[in-house]
file structure22.cif (mmCIF, C-alpha atoms)
data_run
loop_
_atom_site.label_atom_id
_atom_site.label_comp_id
_atom_site.auth_asym_id
_atom_site.auth_seq_id
_atom_site.Cartn_x
_atom_site.Cartn_y
_atom_site.Cartn_z
CA MET A 343 11.99 -36.60 -49.52
CA LEU A 344 12.29 -33.18 -47.94
CA TYR A 345 13.91 -31.91 -44.73
CA LEU A 346 13.52 -28.30 -43.60
CA PHE A 347 15.75 -26.45 -41.12
CA TYR A 348 14.86 -22.81 -40.51
CA GLY A 349 15.06 -19.95 -38.05
CA LYS A 350 17.04 -16.88 -37.08
CA ASP A 351 19.85 -18.89 -35.48
CA LYS A 352 21.62 -19.18 -38.82
CA ASP A 353 24.66 -21.02 -37.48
CA SER A 354 22.58 -23.81 -35.92
CA VAL A 355 20.37 -24.07 -39.01
CA ARG A 356 23.32 -24.50 -41.35
CA GLU A 357 25.19 -26.76 -38.92
CA LYS A 358 22.21 -29.12 -38.62
CA ALA A 359 21.61 -29.15 -42.36
CA SER A 360 25.31 -29.75 -43.09
CA ALA A 361 25.41 -32.61 -40.58
CA LEU A 362 22.46 -34.27 -42.30
CA VAL A 363 24.06 -33.89 -45.74
CA GLN A 364 27.33 -35.40 -44.49
CA SER A 365 25.45 -38.26 -42.88
CA LEU A 366 23.57 -38.96 -46.12
CA LEU A 367 26.80 -38.89 -48.13
CA LYS A 368 28.34 -41.46 -45.79
CA LYS A 369 25.36 -43.74 -46.28
CA LYS A 370 25.28 -43.11 -50.03
CA PRO A 371 28.86 -42.30 -51.10
CA ASP A 372 27.88 -42.51 -54.77
CA ALA A 373 25.11 -39.94 -54.46
CA GLU A 374 25.48 -36.74 -56.48
CA LEU A 375 25.32 -33.50 -54.51
CA PHE A 376 23.58 -30.39 -55.92
CA ARG A 377 22.88 -26.93 -54.55
CA ILE A 378 19.93 -24.70 -55.43
CA ASP A 379 19.74 -21.12 -54.21
CA SER A 380 18.01 -17.83 -55.05
CA GLU A 381 20.58 -16.96 -57.72
CA ASN A 382 20.99 -20.20 -59.67
CA PHE A 383 17.38 -21.43 -59.47
CA ASN A 384 16.01 -23.06 -62.60
CA GLU A 385 12.57 -24.68 -62.76
CA ALA A 386 13.63 -27.30 -65.27
CA LYS A 387 16.54 -28.32 -63.03
CA LEU A 388 14.23 -28.58 -60.03
CA GLN A 389 11.92 -30.83 -62.02
CA GLU A 390 14.85 -32.97 -63.12
CA LEU A 391 16.20 -33.32 -59.57
CA SER A 392 12.75 -34.12 -58.19
CA ALA A 393 11.94 -36.82 -60.67
CA GLY A 394 15.24 -38.32 -61.84
CA GLN A 395 18.32 -40.07 -60.59
CA GLY A 396 21.90 -40.04 -61.72
CA LEU A 397 23.84 -42.45 -63.84
CA PHE A 398 23.78 -46.08 -62.65
CA ASN A 399 20.65 -45.23 -60.62
CA ASN A 400 22.60 -43.18 -58.05
CA SER A 401 20.46 -40.85 -56.00
CA TYR A 402 20.71 -37.08 -55.66
CA ILE A 403 21.15 -35.03 -52.51
CA VAL A 404 19.95 -31.49 -53.10
CA GLU A 405 20.77 -28.56 -50.82
CA VAL A 406 18.14 -25.81 -51.12
CA VAL A 407 19.63 -22.70 -49.53
CA SER A 408 17.79 -19.40 -48.95
CA LEU A 409 15.74 -20.06 -52.07
CA PHE A 410 12.76 -18.04 -50.85
CA GLU A 411 14.73 -14.81 -51.13
CA ASN A 412 13.73 -15.10 -54.79
CA LYS A 413 9.93 -14.59 -54.86
CA GLU A 414 9.47 -16.26 -58.24
CA ALA A 415 11.57 -19.26 -57.20
CA LYS A 416 9.56 -19.49 -53.97
CA GLU A 417 6.25 -19.67 -55.84
CA ILE A 418 7.53 -22.31 -58.25
CA PHE A 419 9.03 -24.40 -55.46
CA LEU A 420 5.80 -24.29 -53.44
CA ASP A 421 3.83 -25.27 -56.55
CA ARG A 422 6.08 -28.33 -56.92
CA LEU A 423 6.12 -29.31 -53.24
CA ASP A 424 4.25 -32.56 -53.81
CA GLU A 425 6.87 -33.66 -56.35
CA VAL A 426 9.73 -32.72 -54.01
CA GLY A 427 8.15 -34.48 -51.04
CA ALA A 428 7.51 -37.66 -53.03
CA SER A 429 10.92 -37.61 -54.73
CA PRO A 430 13.28 -40.60 -54.34
CA ASN A 431 16.00 -37.98 -53.90
CA VAL A 432 16.68 -36.06 -50.69
CA PHE A 433 16.15 -32.30 -50.49
CA VAL A 434 17.69 -30.50 -47.50
CA MET A 435 16.20 -27.05 -47.21
CA VAL A 436 17.62 -24.09 -45.27
CA GLU A 437 15.71 -20.83 -44.73
CA GLU A 438 15.88 -18.01 -42.23
CA GLU A 439 12.29 -16.81 -42.25
CA LEU A 440 9.11 -18.44 -43.55
CA ASP A 441 5.59 -17.09 -43.66
CA LYS A 442 2.99 -19.29 -41.98
CA LYS A 443 1.31 -20.35 -45.21
CA ALA A 444 4.58 -21.56 -46.75
CA LEU A 445 5.59 -23.28 -43.50
CA LEU A 446 2.29 -25.12 -43.29
CA SER A 447 2.56 -26.26 -46.92
CA ILE A 448 6.10 -27.56 -46.40
CA THR A 449 5.24 -29.27 -43.11
CA ASN A 450 2.51 -31.19 -44.87
CA VAL A 451 5.00 -32.95 -47.17
CA ALA A 452 8.30 -32.83 -45.27
CA GLU A 453 9.91 -35.76 -43.50
CA LYS A 454 11.15 -33.38 -40.80
CA VAL A 455 10.79 -29.68 -39.97
CA GLN A 456 13.03 -28.11 -37.31
CA LEU A 457 13.07 -24.54 -36.02
CA PHE A 458 16.18 -22.90 -34.55
CA GLU A 459 15.36 -19.71 -32.68
CA SER A 460 17.78 -16.85 -32.20
CA LYS A 461 20.26 -17.18 -29.34
CA GLU A 462 20.90 -13.46 -29.13
CA GLY A 463 18.36 -13.02 -26.35
CA LYS A 464 17.08 -9.72 -27.71
CA GLY A 465 13.37 -9.30 -27.08
CA LYS A 466 10.95 -12.21 -26.90
CA PRO A 467 11.98 -15.49 -28.54
CA ASP A 468 10.04 -16.53 -31.61
CA PHE A 469 6.97 -18.59 -30.81
CA ASP A 470 6.62 -21.82 -32.78
CA ILE A 471 2.92 -21.92 -33.57
CA PHE A 472 3.21 -25.58 -34.58
CA SER A 473 3.67 -26.45 -30.90
CA LEU A 474 -0.11 -26.16 -30.65
CA THR A 475 -0.57 -29.20 -32.88
CA ASP A 476 1.18 -31.56 -30.46
CA ALA A 477 -0.90 -30.39 -27.50
CA PHE A 478 -4.04 -30.67 -29.62
CA GLY A 479 -3.14 -34.18 -30.81
CA LYS A 480 -2.31 -35.32 -27.28
CA ARG A 481 -5.59 -33.76 -26.09
CA ASP A 482 -3.66 -31.85 -23.46
CA LYS A 483 -6.23 -29.14 -22.87
CA LYS A 484 -4.21 -27.24 -20.27
CA SER A 485 -1.05 -27.04 -22.40
CA LEU A 486 -3.06 -26.19 -25.50
CA TRP A 487 -4.81 -23.32 -23.73
CA VAL A 488 -1.47 -21.94 -22.44
CA LEU A 489 0.05 -22.19 -25.93
CA PHE A 490 -3.04 -20.55 -27.39
CA GLN A 491 -2.58 -17.60 -25.05
CA LYS A 492 1.11 -17.35 -26.01
CA ALA A 493 0.23 -17.45 -29.69
CA VAL A 494 -2.31 -14.65 -29.30
CA ALA A 495 0.13 -12.61 -27.19
CA GLY A 496 2.76 -13.12 -29.90
CA GLY A 497 0.48 -11.61 -32.53
CA ALA A 498 -1.01 -14.74 -34.13
CA VAL A 499 -4.44 -14.03 -35.61
CA PRO A 500 -7.40 -16.44 -35.09
CA GLU A 501 -7.36 -17.53 -38.75
CA GLU A 502 -3.74 -18.63 -38.36
CA ILE A 503 -4.36 -20.63 -35.15
CA HIS A 504 -7.55 -22.13 -36.58
CA GLY A 505 -5.69 -23.15 -39.74
CA ILE A 506 -2.90 -24.89 -37.84
CA LEU A 507 -5.27 -26.84 -35.58
CA PHE A 508 -7.62 -27.71 -38.44
CA TRP A 509 -4.65 -28.96 -40.47
CA GLN A 510 -3.69 -31.32 -37.63
CA LEU A 511 -7.28 -32.50 -37.28
CA LYS A 512 -7.55 -33.26 -41.01
CA SER A 513 -4.22 -35.12 -40.86
CA MET A 514 -5.62 -37.28 -38.06
CA LEU A 515 -8.80 -37.96 -40.00
CA VAL A 516 -6.89 -39.12 -43.09
CA ALA A 517 -4.52 -41.18 -40.95
CA SER A 518 -7.49 -42.93 -39.33
CA THR A 519 -8.56 -44.47 -42.65
CA ALA A 520 -5.19 -44.98 -44.37
CA LYS A 521 -2.56 -47.67 -43.89
CA THR A 522 0.41 -45.73 -45.21
CA ALA A 523 1.56 -42.14 -45.60
CA GLY A 524 1.40 -42.52 -49.38
CA GLU A 525 -2.20 -43.63 -49.21
CA ALA A 526 -3.02 -40.71 -46.90
CA GLY A 527 -1.21 -38.24 -49.14
CA VAL A 528 0.86 -36.75 -46.31
CA ALA A 529 4.50 -36.88 -45.25
CA PRO A 530 5.61 -39.98 -43.28
CA TYR A 531 6.49 -37.83 -40.25
CA THR A 532 3.05 -36.18 -40.25
CA PHE A 533 1.36 -39.54 -40.79
CA SER A 534 3.13 -41.32 -37.92
CA LYS A 535 2.44 -38.46 -35.49
CA SER A 536 -1.21 -38.26 -36.52
CA LYS A 537 -1.56 -42.03 -36.11
CA SER A 538 -0.13 -41.81 -32.60
CA PHE A 539 -2.67 -39.10 -31.70
CA LEU A 540 -5.67 -41.22 -32.72
CA LYS A 541 -5.71 -43.04 -29.37
CA ASN A 542 -6.77 -39.77 -27.75
CA TYR A 543 -9.95 -39.28 -29.80
CA LYS A 544 -12.87 -41.41 -30.91
CA GLU A 545 -13.73 -41.36 -34.60
CA ASP A 546 -17.06 -39.60 -34.06
CA GLU A 547 -15.28 -36.96 -31.93
CA LEU A 548 -12.90 -36.17 -34.78
CA LYS A 549 -15.80 -35.81 -37.21
CA GLN A 550 -17.70 -33.58 -34.79
CA LEU A 551 -14.60 -31.43 -34.27
CA SER A 552 -14.17 -31.12 -38.02
CA SER A 553 -17.74 -29.87 -38.34
CA SER A 554 -17.18 -27.43 -35.46
CA PHE A 555 -14.04 -26.04 -37.09
CA VAL A 556 -15.82 -25.44 -40.40
CA HIS A 557 -18.85 -23.77 -38.81
CA MET A 558 -16.65 -21.69 -36.50
CA TYR A 559 -14.71 -20.24 -39.41
CA HIS A 560 -17.77 -19.26 -41.44
CA ASP A 561 -19.76 -17.99 -38.46
CA ALA A 562 -16.85 -15.80 -37.35
CA HIS A 563 -16.62 -14.22 -40.79
CA ARG A 564 -20.38 -13.63 -40.79
CA GLY A 565 -20.01 -11.74 -37.53
CA ILE A 566 -22.02 -14.28 -35.53
CA HIS A 567 -19.31 -14.64 -32.91
CA ASN A 568 -15.81 -13.47 -31.99
CA PHE A 569 -13.30 -15.81 -33.68
CA GLU A 570 -10.73 -15.71 -30.87
CA ILE A 571 -13.30 -16.40 -28.16
CA ALA A 572 -14.87 -19.22 -30.18
CA LEU A 573 -11.45 -20.86 -30.57
CA GLU A 574 -10.74 -20.59 -26.86
CA ARG A 575 -14.12 -22.12 -26.01
CA LEU A 576 -13.48 -25.06 -28.32
CA ILE A 577 -10.07 -25.65 -26.72
CA LEU A 578 -11.60 -25.63 -23.24
CA THR A 579 -14.18 -28.27 -24.25
CA LEU A 580 -11.64 -30.84 -25.50
#
call {"tool": "encode", "arguments": {"input": "structure22.cif", "output": "structure tokens"}}
result
Amino acid sequence: MLYLFYGKDKDSVREKASALVQSLLKKKPDAELFRIDSENFNEAKLQELSAGQGLFNNSYIVEVVSLFENKEAKEIFLDRLDEVGASPNVFVMVEEELDKKALLSITNVAEKVQLFESKEGKGKPDFDIFSLTDAFGKRDKKSLWVLFQKAVAGGAVPEEIHGILFWQLKSMLVASTAKTAGEAGVAPYTFSKSKSFLKNYKEDELKQLSSSFVHMYHDAHRGIHNFEIALERLILTL
């Protein structure tokens, strides 16, 4: 099981992560606590903590702190995300900055992902591109269009927005035919949210949208249409 807390508000990130760890220790006083960071990372240890448990079947609580400052550790951790997400042990992850690809991969297996933006008030606050997925799932066309405009204004490229929305659509499609998160192959949090969104779409609509997303991507890269405009048109037809 994996929890991720990230963002430029370092104090809030660490405070939230620490509160979760303390809460887990109260519930499981016999659990063993470990810390993995960019300096002490070891692939074999990660594998052991993902798969095993302590003596007398006690569980592990693993703090993963600023691990992605080590590029090699980042790659290994991302390669083993499925094992971490499915682990009987709890991983509490803390990072300041994450690229969109890594964030999407983690979100797909994590029990919870929470962003803490900077409180300094300098410049524009960070835009959480994952806010588009809720508006898309709820079929709130107006909110989705506004968020789309904010994402574009914040520098998000069409491929990034398309990828986020298509990820949510695929999560809904798998959730529509699966009974459990394990069967669907996604995190429980993602599964429950996707299940709740299904009331807003008919099955044939989801399949049609999936086809539209695939064709849109390829047509845009063939120069048939402008990717950003095609995305906006799709949003306005929901």
call {"tool": "closest_atom_pairs", "arguments": {"input": "structure22.cif", "of": "range 394-461 of chain A", "to": "range 480-502 of chain A", "cutoff": "12 Å", "atoms": "all atoms listed in the file", "output": "tab-separated table"}}
result
residue	atom	partner	partner_atom	distance
A:Asp441	CA	A:Glu502	CA	10.8
A:Lys442	CA	A:Glu502	CA	7.7
A:Lys443	CA	A:Glu502	CA	8.7
A:Leu445	CA	A:Glu502	CA	11.6
A:Leu446	CA	A:Glu502	CA	10.1
call {"tool": "residues_around", "arguments": {"input": "structure22.cif", "residues": "Leu362 in chain A", "least_positions_apart": "4", "cutoff": "12 Å", "atoms": "only C-alpha atoms", "output": "list of chain:residue names"}}
result
A:Leu344, A:Tyr345, A:Leu346, A:Phe347, A:Val355, A:Arg356, A:Glu357, A:Lys358, A:Leu366, A:Leu367, A:Lys368, A:Lys369, A:Ile403, A:Val404, A:Glu405, A:Val432, A:Phe433, A:Val434, A:Met435, A:Val436, A:Lys454
call {"tool": "resolve_selection", "arguments": {"input": "structure22.cif", "expression": "the PyMOL selection byres ((chain A and resi 558) around 12)", "output": "ChimeraX atom specification"}}
result
/A:500-501,504-505,508,551-557,559-576
call {"tool": "write_last_selection", "arguments": {"input": "structure22.cif", "atoms": "C-alpha atoms", "output": "tab-separated table (two decimals), in the coordinates of the input"}}
result
chain	number	residue	atom	x	y	z
A	500	PRO	CA	-7.40	-16.44	-35.09
A	501	GLU	CA	-7.36	-17.53	-38.75
A	504	HIS	CA	-7.55	-22.13	-36.58
A	505	GLY	CA	-5.69	-23.15	-39.74
A	508	PHE	CA	-7.62	-27.71	-38.44
A	551	LEU	CA	-14.60	-31.43	-34.27
A	552	SER	CA	-14.17	-31.12	-38.02
A	553	SER	CA	-17.74	-29.87	-38.34
A	554	SER	CA	-17.18	-27.43	-35.46
A	555	PHE	CA	-14.04	-26.04	-37.09
A	556	VAL	CA	-15.82	-25.44	-40.40
A	557	HIS	CA	-18.85	-23.77	-38.81
A	559	TYR	CA	-14.71	-20.24	-39.41
A	560	HIS	CA	-17.77	-19.26	-41.44
A	561	ASP	CA	-19.76	-17.99	-38.46
A	562	ALA	CA	-16.85	-15.80	-37.35
A	563	HIS	CA	-16.62	-14.22	-40.79
A	564	ARG	CA	-20.38	-13.63	-40.79
A	565	GLY	CA	-20.01	-11.74	-37.53
A	566	ILE	CA	-22.02	-14.28	-35.53
A	567	HIS	CA	-19.31	-14.64	-32.91
A	568	ASN	CA	-15.81	-13.47	-31.99
A	569	PHE	CA	-13.30	-15.81	-33.68
A	570	GLU	CA	-10.73	-15.71	-30.87
A	571	ILE	CA	-13.30	-16.40	-28.16
A	572	ALA	CA	-14.87	-19.22	-30.18
A	573	LEU	CA	-11.45	-20.86	-30.57
A	574	GLU	CA	-10.74	-20.59	-26.86
A	575	ARG	CA	-14.12	-22.12	-26.01
A	576	LEU	CA	-13.48	-25.06	-28.32
call {"tool": "closest_residue", "arguments": {"input": "structure22.cif", "among": "A:Asp351, A:Glu385, A:Glu437, A:Asp470", "to": "Glu411 in chain A", "atoms": "only C-alpha atoms"}}
result
A:Glu437
call {"tool": "atom_distance", "arguments": {"input": "structure22.cif", "atom1": "CA of Ala428 in chain A", "atom2": "CA of Gly527 in chain A"}}
result
9.6 Å
call {"tool": "residues_near_point", "arguments": {"input": "structure22.cif", "point": "(6.2, -28.4, -53.8)", "cutoff": "10 Å", "atoms": "only C-alpha atoms", "output": "list in words"}}
result
Leu344, Ser392, Lys416, Glu417, Ile418, Phe419, Leu420, Asp421, Arg422, Leu423, Asp424, Glu425, Val426, Gly427, Ala428, Ala444, Ser447, Ile448, Val451 and Ala452 of chain A
call {"tool": "closest_residue", "arguments": {"input": "structure22.cif", "among": "A:Ser401, A:Pro530, A:Phe478, A:Gln389", "to": "Tyr543 in chain A", "atoms": "only C-alpha atoms"}}
result
A:Phe478
call {"tool": "resolve_selection", "arguments": {"input": "structure22.cif", "expression": "the PyMOL selection byres ((chain A and resi 511) around 10)", "output": "PyMOL selection string"}}
result
chain A and resi 475+478-479+505-510+512-517+536+539-540+548-549+551-552+555
call {"tool": "closest_residue", "arguments": {"input": "structure22.cif", "among": "A:Phe458, A:Ala526, A:Ser534, A:Leu388", "to": "Lys352 in chain A", "atoms": "all atoms listed in the file"}}
result
A:Phe458
call {"tool": "axis_aligned_box", "arguments": {"input": "structure22.cif", "around": "range 498-508 of chain A", "padding_each_side": "3 Å", "output": "lines of an AutoDock Vina configuration file"}}
result
center_x = -4.3
center_y = -20.9
center_z = -36.9
size_x = 12.6
size_y = 19.7
size_z = 11.6
call {"tool": "closest_residue", "arguments": {"input": "structure22.cif", "among": "A:Gln550, A:Ser365, A:Ser354, A:Asn450", "to": "Ala529 in chain A", "atoms": "all atoms listed in the file"}}
result
A:Asn450
call {"tool": "atom_distance", "arguments": {"input": "structure22.cif", "atom1": "CA of Thr532 in chain A", "atom2": "CA of Ser429 in chain A"}}
result
16.5 Å
call {"tool": "atom_distance", "arguments": {"input": "structure22.cif", "atom1": "CA of Gln364 in chain A", "atom2": "CA of Glu438 in chain A"}}
result
20.9 Å
call {"tool": "closest_residue", "arguments": {"input": "structure22.cif", "among": "A:Ser460, A:Ala386, A:Thr449, A:Asp379", "to": "Phe472 in chain A", "atoms": "all atoms listed in the file"}}
result
A:Thr449
call {"tool": "closest_residue", "arguments": {"input": "structure22.cif", "among": "A:Met343, A:Val455, A:Leu409, A:Val363", "to": "Ala393 in chain A", "atoms": "all atoms listed in the file"}}
result
A:Met343
call {"tool": "residues_near_point", "arguments": {"input": "structure22.cif", "point": "(18.3, -16.1, -58.0)", "cutoff": "7 Å", "atoms": "only C-alpha atoms", "output": "PyMOL selection string"}}
result
chain A and resi 379-383+412
call {"tool": "decode", "arguments": {"input": "structure22.cif", "residues": "range 346-380 of chain A", "atoms": "C-alpha atoms", "output": "CSV table (one decimal), in the first residue's frame"}}
result
chain,number,residue,atom,x,y,z
A,346,LEU,CA,2.1,10.0,-1.6
A,347,PHE,CA,2.4,13.5,-0.2
A,348,TYR,CA,4.2,16.0,-2.4
A,349,GLY,CA,4.5,19.7,-3.2
A,350,LYS,CA,6.5,22.8,-2.5
A,351,ASP,CA,5.0,23.4,0.9
A,352,LYS,CA,7.5,21.1,2.5
A,353,ASP,CA,6.3,21.7,6.1
A,354,SER,CA,2.8,20.6,5.3
A,355,VAL,CA,4.0,17.6,3.3
A,356,ARG,CA,6.2,16.3,6.1
A,357,GLU,CA,3.6,17.2,8.7
A,358,LYS,CA,0.9,15.2,6.9
A,359,ALA,CA,3.2,12.3,6.2
A,360,SER,CA,4.4,12.2,9.9
A,361,ALA,CA,0.8,12.3,11.1
A,362,LEU,CA,-0.1,9.3,9.0
A,363,VAL,CA,3.0,7.4,10.2
A,364,GLN,CA,2.1,8.1,13.8
A,365,SER,CA,-1.5,7.1,13.3
A,366,LEU,CA,-0.4,3.8,11.7
A,367,LEU,CA,2.0,3.1,14.6
A,368,LYS,CA,-0.8,3.6,17.1
A,369,LYS,CA,-2.9,1.1,15.2
A,370,LYS,CA,0.0,-1.3,14.7
A,371,PRO,CA,2.3,-0.8,17.7
A,372,ASP,CA,4.3,-3.9,16.8
A,373,ALA,CA,5.0,-2.7,13.2
A,374,GLU,CA,8.7,-2.1,12.3
A,375,LEU,CA,9.5,1.4,11.0
A,376,PHE,CA,12.0,1.9,8.1
A,377,ARG,CA,13.2,4.9,6.2
A,378,ILE,CA,14.4,5.0,2.6
A,379,ASP,CA,16.0,8.1,1.1
A,380,SER,CA,18.2,9.1,-1.8
